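Quick look at target.cif (mmCIF, C-alpha atoms):
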data_target
#
loop_
_atom_site.label_atom_id
_atom_site.label_comp_id
_atom_site.auth_asym_id
_atom_site.auth_seq_id
_atom_site.Cartn_x
_atom_site.Cartn_y
_atom_site.Cartn_z
CA MET A 1 53.40 102.77 101.37
CA SER A 2 49.72 101.82 101.05
CA ARG A 3 50.44 100.14 97.70
CA ILE A 4 53.13 97.96 99.31
CA TYR A 5 50.66 96.86 101.99
CA TRP A 6 48.08 95.81 99.41
CA ILE A 7 50.64 93.99 97.29
CA ALA A 8 51.74 92.07 100.39
CA GLU A 9 48.09 91.40 101.24
CA TYR A 10 47.42 90.03 97.76
CA GLY A 11 50.60 87.91 97.83
CA ALA A 12 49.68 86.39 101.20
CA THR A 13 46.12 85.62 100.03
CA PHE A 14 47.40 84.06 96.81
CA ALA A 15 49.78 81.89 98.85
CA GLU A 16 46.89 80.67 101.01
CA PHE A 17 44.80 79.67 98.00
CA PHE A 18 47.65 78.09 96.05
CA LEU A 19 48.87 76.11 99.06
CA SER A 20 45.32 74.86 99.58
CA THR A 21 45.50 73.03 96.23
CA ILE A 22 48.78 71.36 97.27
CA PHE A 23 47.36 70.36 100.66
CA CYS A 24 44.13 68.89 99.24
CA GLY A 25 45.96 67.29 96.31
CA THR A 26 48.18 65.45 98.78
CA PHE A 27 45.24 63.41 100.05
CA ILE A 28 43.03 63.12 96.98
CA GLU A 29 43.69 59.87 95.16
CA ASN A 30 45.55 60.19 91.84
CA ALA A 31 45.66 63.99 92.05
CA GLU A 32 48.18 64.95 89.35
CA LEU A 33 49.29 68.36 90.62
CA ASN A 34 51.67 69.11 87.76
CA ASN A 35 48.95 68.60 85.14
CA LYS A 36 46.67 71.01 87.04
CA LEU A 37 49.23 73.80 87.53
CA PHE A 38 47.60 76.36 85.20
CA ARG A 39 44.14 75.68 86.66
CA ARG A 40 45.49 76.06 90.20
CA ILE A 41 47.30 79.33 89.43
CA PHE A 42 44.27 80.79 87.62
CA ALA A 43 41.85 79.83 90.41
CA SER A 44 44.21 81.21 93.09
CA THR A 45 44.67 84.47 91.19
CA LEU A 46 40.92 84.98 90.75
CA ALA A 47 40.00 84.04 94.34
CA SER A 48 42.74 86.31 95.77
CA ALA A 49 41.41 89.25 93.73
CA VAL A 50 37.91 88.72 95.18
CA ILE A 51 39.24 88.68 98.75
CA LEU A 52 41.36 91.78 98.09
CA ILE A 53 38.26 93.68 96.94
CA ILE A 54 36.39 92.66 100.11
CA ASN A 55 39.37 93.66 102.26
CA HIS A 56 39.20 97.16 100.81
CA VAL A 57 35.77 97.47 102.41
CA GLU A 58 36.73 95.92 105.76
CA LEU A 59 40.14 94.40 106.38
CA TYR A 60 39.12 91.58 108.73
CA SER A 61 35.56 90.59 109.57
CA PRO A 62 33.36 87.50 109.90
CA VAL A 63 32.10 88.13 106.36
CA THR A 64 35.65 88.11 104.99
CA ALA A 65 36.50 84.94 106.89
CA ILE A 66 33.37 83.08 105.76
CA LEU A 67 33.83 84.19 102.15
CA GLY A 68 37.45 83.05 102.22
CA PHE A 69 36.39 79.66 103.58
CA VAL A 70 33.74 79.28 100.86
CA LEU A 71 36.12 80.31 98.08
CA ILE A 72 38.77 77.81 99.19
CA ALA A 73 36.20 74.98 99.28
CA VAL A 74 34.75 75.93 95.87
CA MET A 75 38.25 76.20 94.44
CA GLN A 76 39.16 72.65 95.51
CA ILE A 77 35.96 71.32 93.95
CA THR A 78 36.85 73.15 90.73
CA VAL A 79 40.44 71.91 90.67
CA TYR A 80 39.48 68.32 91.61
CA PRO A 81 36.01 67.86 90.05
CA LYS A 82 36.15 64.04 90.18
CA ASN A 83 36.51 64.09 93.98
CA LYS A 84 34.11 66.88 94.98
CA ILE A 85 33.17 65.62 98.45
CA LYS A 86 36.74 64.72 99.43
CA ALA A 87 38.00 68.06 98.10
CA ALA A 88 35.45 70.01 100.13
CA ILE A 89 36.22 68.08 103.35
CA TRP A 90 39.99 68.46 102.96
CA ALA A 91 39.40 72.17 102.32
CA VAL A 92 37.74 72.46 105.76
CA ILE A 93 40.72 70.72 107.36
CA TYR A 94 43.05 73.14 105.54
CA LEU A 95 41.02 76.08 106.83
CA LEU A 96 41.82 74.94 110.36
CA LEU A 97 45.55 75.07 109.54
CA ILE A 98 45.14 78.63 108.24
CA ALA A 99 43.21 79.74 111.33
CA MET A 100 45.74 78.14 113.69
CA THR A 101 48.87 79.47 111.94
CA ASP A 102 47.39 82.98 111.81
CA GLY A 103 46.36 82.69 115.46
CA ILE A 104 49.79 81.47 116.59
CA ILE A 105 51.71 84.23 114.79
CA VAL A 106 49.34 87.09 115.67
CA SER A 107 48.96 86.15 119.35
CA THR A 108 52.73 85.68 119.66
CA LEU A 109 53.40 89.14 118.16
CA SER A 110 50.69 90.64 120.36
CA TYR A 111 52.26 89.12 123.48
CA ALA A 112 55.86 89.95 122.48
CA PHE A 113 55.28 93.59 121.55
CA HIS A 114 52.38 94.29 123.92
CA ILE A 115 49.93 95.39 121.22
CA LEU A 116 46.28 94.58 120.66
CA THR A 117 45.42 91.59 118.50
CA ALA A 118 42.83 93.76 116.73
CA ASP A 119 45.57 96.21 115.68
CA ILE A 120 47.35 93.43 113.79
CA TYR A 121 44.24 91.96 112.20
CA GLU A 122 42.42 95.19 111.34
CA GLU A 123 45.12 97.84 110.75
CA MET A 124 47.63 98.22 107.92
CA SER A 125 50.90 98.35 109.84
CA LEU A 126 54.40 96.91 109.96
CA TYR A 127 53.17 94.35 112.51
CA ARG A 128 50.53 93.14 110.05
CA LEU A 129 53.16 92.77 107.29
CA VAL A 130 55.36 90.72 109.64
CA ALA A 131 52.37 88.61 110.67
CA LEU A 132 51.41 88.01 107.02
CA ALA A 133 54.91 86.93 106.05
CA ALA A 134 55.49 84.75 109.11
CA SER A 135 52.10 83.01 109.05
CA LYS A 136 52.32 82.18 105.32
CA ILE A 137 55.88 80.85 105.71
CA PHE A 138 54.67 78.73 108.63
CA LEU A 139 51.67 77.55 106.57
CA MET A 140 53.90 76.72 103.60
CA PHE A 141 56.24 74.78 105.89
CA LEU A 142 53.36 72.69 107.28
CA THR A 143 51.84 72.07 103.83
CA VAL A 144 55.10 70.98 102.21
CA ILE A 145 56.09 68.75 105.15
CA LEU A 146 52.69 67.02 105.12
CA ASN A 147 52.93 66.58 101.36
CA LYS A 148 56.37 64.98 101.60
CA ILE A 149 55.46 62.67 104.47
CA LEU A 150 51.90 61.66 103.62
CA ALA A 151 51.57 61.90 99.83
CA LYS A 152 52.35 58.18 99.37
CA LYS A 153 50.50 56.91 102.44
CA GLY A 154 47.29 56.19 100.57
CA VAL A 155 43.74 57.12 101.51
CA ILE A 156 42.51 57.35 105.12
CA GLN A 157 39.92 54.71 105.88
CA LYS A 158 36.39 56.09 105.84
CA LYS A 159 35.59 55.81 109.56
CA TYR A 160 38.85 57.51 110.59
CA PHE A 161 38.31 60.17 107.93
CA ILE A 162 34.88 60.96 109.41
CA ILE A 163 36.39 61.21 112.90
CA LEU A 164 39.17 63.50 111.60
CA PHE A 165 36.64 65.75 109.86
CA SER A 166 34.33 65.92 112.90
CA VAL A 167 37.17 66.85 115.26
CA THR A 168 38.47 69.38 112.73
CA ALA A 169 35.07 71.06 112.41
CA VAL A 170 34.82 71.48 116.21
CA MET A 171 38.40 72.75 116.45
CA LEU A 172 37.79 75.20 113.58
CA VAL A 173 34.78 76.69 115.36
CA LEU A 174 36.79 77.01 118.61
CA THR A 175 39.76 78.57 116.83
CA VAL A 176 37.66 81.15 114.98
CA THR A 177 35.72 81.94 118.18
CA VAL A 178 38.91 82.54 120.17
CA THR A 179 40.30 84.71 117.35
CA PHE A 180 37.25 87.01 117.29
CA ILE A 181 37.20 87.17 121.10
CA ASP A 182 40.84 88.36 120.98
CA ILE A 183 39.93 90.97 118.34
CA GLN A 184 37.07 92.32 120.47
CA ASN A 185 39.19 92.32 123.66
CA GLU A 186 40.69 95.77 124.23
CA SER A 187 43.27 94.59 126.75
CA VAL A 188 46.45 92.72 125.85
CA ASN A 189 46.25 89.15 127.16
CA SER A 190 47.63 86.94 124.36
CA TYR A 191 49.64 84.48 126.44
CA VAL A 192 46.65 82.19 126.92
CA SER A 193 45.66 82.54 123.26
CA THR A 194 49.16 81.68 122.05
CA LEU A 195 49.23 78.59 124.26
CA PHE A 196 45.73 77.62 123.07
CA PHE A 197 46.66 77.84 119.38
CA PHE A 198 49.86 75.85 119.87
CA MET A 199 48.01 73.12 121.77
CA MET A 200 45.33 72.97 119.06
CA LEU A 201 48.00 72.65 116.37
CA ILE A 202 49.75 69.82 118.22
CA LEU A 203 46.42 68.09 118.82
CA ILE A 204 45.32 68.18 115.16
CA ILE A 205 48.73 66.90 114.02
CA VAL A 206 48.51 63.99 116.50
CA ILE A 207 44.98 63.16 115.35
CA PHE A 208 46.06 63.55 111.72
CA PHE A 209 48.94 61.11 111.94
CA GLY A 210 46.90 58.83 114.18
CA ALA A 211 44.26 58.48 111.45
CA PHE A 212 46.92 57.49 108.92
CA LYS A 213 48.54 55.10 111.39
CA LEU A 214 45.24 53.36 112.11
CA THR A 215 44.50 53.13 108.39
CA THR A 216 47.91 51.59 107.75
CA HIS A 217 47.30 49.08 110.55
CA TYR A 218 43.90 48.17 109.08
CA GLU A 219 45.38 47.70 105.60
CA ASP A 220 48.19 45.55 107.03
CA GLN A 221 45.60 43.33 108.72
CA GLN A 222 43.63 43.04 105.48
CA GLN A 223 46.83 42.25 103.59
CA LEU A 224 47.67 39.53 106.12
CA LYS A 225 44.22 37.97 105.70
CA LEU A 226 44.50 38.08 101.92
CA THR A 227 47.97 36.55 102.00
CA THR A 228 46.73 33.78 104.30
CA LEU A 229 43.83 33.10 101.97
CA LYS A 230 46.11 33.05 98.93
CA ASN A 231 48.55 30.66 100.63
CA GLU A 232 45.69 28.38 101.56
CA MET A 233 44.54 28.36 97.94
CA LEU A 234 48.02 27.66 96.62
CA GLU A 235 48.58 24.83 99.12
CA GLN A 236 45.31 23.22 98.14
CA SER A 237 46.17 23.66 94.46
CA MET A 238 49.57 21.97 94.94
CA GLU A 239 48.04 19.05 96.81
CA GLU A 240 45.42 18.48 94.14
CA THR A 241 47.97 18.88 91.34
CA GLU A 242 50.17 16.23 92.98
CA GLN A 243 47.18 13.91 93.15
CA ILE A 244 46.54 14.40 89.45
CA PHE A 245 50.18 13.65 88.59
CA GLU A 246 50.02 10.46 90.67
CA ILE A 247 46.90 9.39 88.78
CA TRP A 248 48.55 10.05 85.43
CA GLN A 249 51.69 8.19 86.48
CA ARG A 250 49.60 5.15 87.32
CA LYS A 251 47.74 5.50 84.05
CA LEU A 252 51.01 5.75 82.15
CA HIS A 253 52.29 2.64 83.93
CA ASP A 254 49.15 0.76 82.92
CA PHE A 255 49.09 2.18 79.41
CA LYS A 256 51.31 -0.53 77.93
CA HIS A 257 48.94 -3.20 79.28
CA GLN A 258 46.00 -1.35 77.73
CA ILE A 259 47.83 -1.27 74.38
CA ILE A 260 48.37 -5.05 74.63
CA ASP A 261 44.64 -5.54 75.31
CA LEU A 262 43.75 -3.32 72.38
CA MET A 263 46.13 -5.19 70.06
CA SER A 264 44.64 -8.48 71.23
CA LEU A 265 41.15 -7.27 70.35
CA ALA A 266 42.41 -6.10 66.94
CA GLU A 267 44.07 -9.45 66.20
CA HIS A 268 40.75 -11.23 66.83
CA ASP A 269 38.87 -8.64 64.71
CA ASP A 270 36.68 -7.83 67.72
CA MET A 271 35.45 -4.40 66.52
CA ASP A 272 32.69 -4.26 69.14
CA GLY A 273 35.23 -4.85 71.89
CA ILE A 274 37.51 -2.14 70.45
CA LYS A 275 34.60 0.33 70.32
CA ARG A 276 33.59 -0.42 73.91
CA TYR A 277 37.19 0.01 75.06
CA LEU A 278 37.62 3.35 73.22
CA ALA A 279 34.25 4.62 74.50
CA LYS A 280 35.29 3.83 78.06
CA GLN A 281 38.62 5.65 77.66
CA ASN A 282 36.90 8.64 76.06
CA ASP A 283 34.50 8.85 79.00
CA LEU A 284 37.42 8.77 81.46
CA LEU A 285 39.20 11.56 79.58
CA GLY A 286 36.05 13.65 79.66
CA LYS A 287 36.02 13.46 83.43
CA LYS A 288 39.57 14.83 83.79
CA LEU A 289 39.70 18.26 85.30
CA PHE A 290 40.16 20.98 82.72
CA TYR A 291 42.85 23.41 83.86
CA TYR A 292 42.07 26.87 82.50
CA LYS A 293 44.97 29.17 81.55
CA THR A 294 44.21 32.87 81.81
CA GLY A 295 47.73 34.29 81.68
CA ASN A 296 47.92 34.89 85.45
CA ASP A 297 49.09 32.11 87.78
CA THR A 298 47.13 33.39 90.78
CA VAL A 299 43.89 33.58 88.80
CA ASP A 300 44.56 30.10 87.35
CA SER A 301 45.02 28.66 90.86
CA ILE A 302 41.85 30.26 92.20
CA LEU A 303 39.74 29.15 89.23
CA TYR A 304 41.22 25.65 89.46
CA ILE A 305 40.27 25.28 93.13
CA LYS A 306 36.82 26.84 92.83
CA GLN A 307 36.04 24.83 89.68
CA LYS A 308 36.82 21.57 91.44
CA ILE A 309 34.73 22.56 94.49
CA ALA A 310 31.83 23.52 92.22
CA GLU A 311 31.94 20.32 90.16
CA SER A 312 32.16 18.16 93.29
CA ASN A 313 28.90 19.78 94.42
CA GLY A 314 27.16 19.35 91.08
CA ILE A 315 27.51 23.00 90.06
CA THR A 316 28.21 23.75 86.41
CA PHE A 317 31.29 25.97 86.28
CA ILE A 318 31.78 28.07 83.13
CA ILE A 319 34.97 30.03 82.51
CA ASN A 320 35.60 32.67 79.88
CA ALA A 321 38.68 34.49 81.09
CA GLU A 322 41.78 36.12 79.68
CA ILE A 323 44.11 38.45 81.56
CA PRO A 324 45.80 41.04 79.29
CA ASP A 325 49.60 41.35 79.40
CA ASN A 326 49.46 44.99 80.55
CA CYS A 327 47.30 44.22 83.59
CA LYS A 328 48.80 45.88 86.69
CA ILE A 329 46.50 44.35 89.31
CA ALA A 330 48.54 42.72 92.07
CA SER A 331 48.14 38.99 92.66
CA GLU A 332 46.88 39.47 96.22
CA HIS A 333 44.19 41.82 94.93
CA PHE A 334 43.08 39.27 92.34
CA ALA A 335 42.90 36.76 95.21
CA SER A 336 40.69 39.14 97.20
CA ILE A 337 38.28 39.90 94.36
CA LEU A 338 37.91 36.43 92.82
CA GLY A 339 38.21 34.48 96.07
CA ASN A 340 35.44 36.40 97.82
CA LEU A 341 33.07 36.68 94.86
CA LEU A 342 33.40 32.99 93.98
CA ASP A 343 32.92 31.98 97.62
CA ASN A 344 29.69 33.98 97.67
CA ALA A 345 28.58 32.39 94.38
CA LEU A 346 29.33 28.86 95.65
CA GLU A 347 27.46 29.53 98.87
CA ALA A 348 24.45 30.94 97.00
CA SER A 349 24.39 27.94 94.61
CA ALA A 350 24.20 25.34 97.38
CA ASP A 351 20.38 25.30 97.58
CA GLU A 352 19.63 25.88 93.88
CA GLU A 353 18.36 23.31 91.38
CA THR A 354 20.58 22.94 88.30
CA PRO A 355 22.99 25.58 89.63
CA PHE A 356 25.68 27.22 87.56
CA ILE A 357 28.48 29.73 88.04
CA GLU A 358 29.90 31.72 85.15
CA VAL A 359 33.21 33.57 85.33
CA LYS A 360 33.99 36.27 82.78
CA ILE A 361 37.25 38.21 82.80
CA LYS A 362 38.18 40.32 79.81
CA GLN A 363 39.41 43.73 78.73
CA VAL A 364 36.75 46.07 77.40
CA GLU A 365 38.30 49.21 75.93
CA ASN A 366 40.43 50.63 78.79
CA PHE A 367 38.84 48.57 81.56
CA LEU A 368 39.38 45.10 82.96
CA VAL A 369 35.91 43.67 83.53
CA ILE A 370 35.37 40.85 86.06
CA SER A 371 31.88 39.37 86.20
CA ILE A 372 30.81 36.48 88.45
CA SER A 373 27.26 35.22 87.79
CA ASN A 374 25.28 32.46 89.46
CA LYS A 375 21.74 31.12 89.49
CA CYS A 376 19.73 32.75 92.27
CA THR A 377 15.98 32.19 92.57
CA LYS A 378 15.75 33.70 96.04
CA LYS A 379 13.97 37.02 96.41
CA ASP A 380 15.66 38.20 99.61
CA ILE A 381 19.44 38.20 99.16
CA SER A 382 21.88 38.56 102.04
CA LEU A 383 25.43 39.44 101.02
CA GLU A 384 26.87 38.62 104.45
CA THR A 385 28.91 35.43 104.81
CA THR A 386 27.42 32.50 106.71
CA LYS A 387 30.64 30.46 106.72
CA VAL A 388 31.99 29.15 110.01
CA ASN A 389 35.59 30.13 109.27
CA LYS A 390 35.01 33.87 109.17
CA LYS A 391 38.72 34.62 109.75
CA LEU A 392 39.61 33.46 106.25
CA HIS A 393 36.31 33.65 104.41
CA GLY A 394 34.63 36.61 106.11
CA ILE A 395 36.56 39.29 104.26
CA GLY A 396 33.50 39.53 102.03
CA LEU A 397 32.24 42.24 99.77
CA ASN A 398 33.74 45.02 101.93
CA SER A 399 37.18 43.69 101.08
CA VAL A 400 36.26 43.52 97.39
CA LYS A 401 35.01 47.11 97.47
CA HIS A 402 38.13 48.27 99.32
CA THR A 403 40.38 46.55 96.77
CA VAL A 404 38.45 47.96 93.80
CA ARG A 405 38.65 51.48 95.25
CA ARG A 406 42.45 51.20 95.39
CA TYR A 407 42.40 51.09 91.58
CA ASN A 408 39.67 53.77 91.18
CA GLY A 409 37.38 51.04 89.89
CA GLU A 410 33.65 50.42 90.22
CA PHE A 411 31.77 47.55 91.86
CA SER A 412 28.11 46.73 91.28
CA VAL A 413 25.65 43.87 91.73
CA ILE A 414 22.63 42.97 89.56
CA HIS A 415 19.84 40.50 90.36
CA LYS A 416 17.63 39.91 87.35
CA ASN A 417 15.83 36.93 85.77
CA ASN A 418 17.00 34.59 88.56
CA VAL A 419 20.64 35.42 87.89
CA PHE A 420 22.82 37.27 90.38
CA SER A 421 25.89 39.04 88.95
CA ALA A 422 28.73 40.75 90.78
CA ASN A 423 30.61 43.07 88.41
CA VAL A 424 33.97 44.81 88.78
CA MET A 425 35.39 47.42 86.38
CA ILE A 426 39.00 48.50 86.92
CA PRO A 427 40.76 51.08 84.71
CA MET A 428 43.79 49.62 82.92
#
Here is a file; write its structure as structure tokens.
Amino acid sequence: MSRIYWIAEYGATFAEFFLSTIFCGTFIENAELNNKLFRRIFASTLASAVILIINHVELYSPVTAILGFVLIAVMQITVYPKNKIKAAIWAVIYLLLIAMTDGIIVSTLSYAFHILTADIYEEMSLYRLVALAASKIFLMFLTVILNKILAKKGVIQKKYFIILFSVTAVMLVLTVTVTFIDIQNESVNSYVSTLFFFMMLILIIVIFFGAFKLTTHYEDQQQLKLTTLKNEMLEQSMEETEQIFEIWQRKLHDFKHQIIDLMSLAEHDDMDGIKRYLAKQNDLLGKKLFYYKTGNDTVDSILYIKQKIAESNGITFIINAEIPDNCKIASEHFASILGNLLDNALEASADEETPFIEVKIKQVENFLVISISNKCTKKDISLETTKVNKKLHGIGLNSVKHTVRRYNGEFSVIHKNNVFSANVMIPM
């Protein structure tokens, strides 16, 4: 019978560790669980064996609990090495679920069958087997439900994530404290404990979903701002395009008269007049706005508008851009990145002598690289917007960083040799 107990103990421990990888993988960006299956099984098998060895010395103790917590955190870092900090934090949150599910089941059994909590935690008995099975089924139910509901919800915004972690840490300490008080208590009084664990579980679920709801609301607000900005850009582009067409229509209407004038000069062999006429027309053509084609309509519109603003303010505007066909960046995200970076560059160029702005967009190996450079002779640089219309233009670098993070990209700034560069690298 002892062998059956230890097999059940090992199976329950393995379930805890394996479910921890599913729980943490649900909330770690781009966690491909299927591709990590062997690593997850191996890590769970090894960690469960370590806990089983410790349990042979003492079945349930603070040392066992702490070691289990450490092993789960280390295991998440091993399984998800690219997201070490997130993995460790989500592991702590998962530990709270373990503590609460164990507490709910054990205190309920203790109350129902009038037995000591310590007898379930510290003695190999039928009650312990029932508690193991019930608590792991409950834990599996919670983990799978959370995975199904929240796997596609995205990443919790940083400030809400910090709040969630802080509350979880406090609740974990309270839960563990109540558990060990119940173990040390020789009388049976589990009604209060059962109620406490249930209330804690409901509270963490409310806080959990609240954090995701607030993040979704924040992202919706950002999306609304970006859409408003994009619409403003497109409206301005359409107005200016219509103006250009009107100019060309007038020019076309006058073209026949210009041909007559040119023919008249030719008939009188007035070569100097012809040269002056052609030079004038060449100068006018040179002043026409050059419309850059990158392969993306949104990017074309933004560059068109910002180029015209720059040239009207005497800022040299250089474009070297090409969007690859396989680029998956959404139009609104292009609007966020380019719109904000170019606004910052235009603002910084206002007080410079012989200012320039250079836009580079190209694919380098498996990355799309966006680089916005401008002349900047100032020593102290403030990246905060000074524009009056902060509702549309105050999205700023925080919005750029948020957008880049959505694609697991990198954002950096460099100020060197009187040139300020904002650089974005996004995996293709």
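Using only C-alpha atoms, the nearest neighbour of Lys362 in chain A within the list A:Ala321, A:Leu224, A:Ala49, A:Val130 is A:Ala321.
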Next on the checklist: Please report the interatomic distance between CA of Leu142 in chain A and CA of Cys24 in chain A in Å with one decimal.
Outcome noted: 12.8 Å
Item to check | Atomic separation - CA of Arg276 in chain A relative to CA of Met263 in chain A, Å | outcome: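 Interatomic distance, CA of Met263 in chain A to CA of Arg276 in chain A: 14.0 Å.
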Checklist entry - On this structure, which residues satisfy the PyMOL selection byres ((chain A and resi 277) around 12), written as a count of residues only? => result 22
Next on the checklist: Taking all atoms listed in the file into account, name the residue in A:Ser412, A:Ser312, A:Thr26, A:Thr13 that is nearest to Ala133 in chain A.
Outcome noted: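 Distance minimum relative to Ala133 in chain A lands on A:Thr13.
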Take range 291-305 of chain A, bring it up to N, CA and C atoms, and give me the output as a JSON list (two decimals), in the frame of the given file.
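What landed in rebuild-v3.json:
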[["chain", "number", "residue", "atom", "x", "y", "z"],
["A", 291, "TYR", "N", 42.09, 22.34, 83.19],
["A", 291, "TYR", "CA", 42.85, 23.41, 83.86],
["A", 291, "TYR", "C", 42.89, 24.63, 82.95],
["A", 292, "TYR", "N", 42.22, 25.69, 83.35],
["A", 292, "TYR", "CA", 42.07, 26.87, 82.50],
["A", 292, "TYR", "C", 43.29, 27.78, 82.65],
["A", 293, "LYS", "N", 43.82, 28.26, 81.54],
["A", 293, "LYS", "CA", 44.97, 29.17, 81.55],
["A", 293, "LYS", "C", 44.51, 30.56, 81.14],
["A", 294, "THR", "N", 44.65, 31.50, 82.07],
["A", 294, "THR", "CA", 44.21, 32.87, 81.81],
["A", 294, "THR", "C", 45.36, 33.81, 81.50],
["A", 295, "GLY", "N", 46.59, 33.40, 81.82],
["A", 295, "GLY", "CA", 47.73, 34.29, 81.68],
["A", 295, "GLY", "C", 48.21, 34.83, 83.01],
["A", 296, "ASN", "N", 47.51, 34.45, 84.11],
["A", 296, "ASN", "CA", 47.92, 34.89, 85.45],
["A", 296, "ASN", "C", 47.87, 33.67, 86.36],
["A", 297, "ASP", "N", 49.00, 33.33, 86.97],
["A", 297, "ASP", "CA", 49.09, 32.11, 87.78],
["A", 297, "ASP", "C", 48.15, 32.14, 88.98],
["A", 298, "THR", "N", 48.02, 33.29, 89.62],
["A", 298, "THR", "CA", 47.13, 33.39, 90.78],
["A", 298, "THR", "C", 45.69, 33.14, 90.38],
["A", 299, "VAL", "N", 45.26, 33.77, 89.29],
["A", 299, "VAL", "CA", 43.89, 33.58, 88.80],
["A", 299, "VAL", "C", 43.67, 32.12, 88.41],
["A", 300, "ASP", "N", 44.68, 31.52, 87.74],
["A", 300, "ASP", "CA", 44.56, 30.10, 87.35],
["A", 300, "ASP", "C", 44.36, 29.22, 88.58],
["A", 301, "SER", "N", 45.12, 29.47, 89.64],
["A", 301, "SER", "CA", 45.02, 28.66, 90.86],
["A", 301, "SER", "C", 43.64, 28.79, 91.50],
["A", 302, "ILE", "N", 43.16, 30.03, 91.58],
["A", 302, "ILE", "CA", 41.85, 30.26, 92.20],
["A", 302, "ILE", "C", 40.75, 29.58, 91.40],
["A", 303, "LEU", "N", 40.77, 29.77, 90.07],
["A", 303, "LEU", "CA", 39.74, 29.15, 89.23],
["A", 303, "LEU", "C", 39.81, 27.64, 89.30],
["A", 304, "TYR", "N", 41.02, 27.10, 89.36],
["A", 304, "TYR", "CA", 41.22, 25.65, 89.46],
["A", 304, "TYR", "C", 40.55, 25.10, 90.72],
["A", 305, "ILE", "N", 40.82, 25.75, 91.86],
["A", 305, "ILE", "CA", 40.27, 25.28, 93.13],
["A", 305, "ILE", "C", 38.75, 25.42, 93.15]]
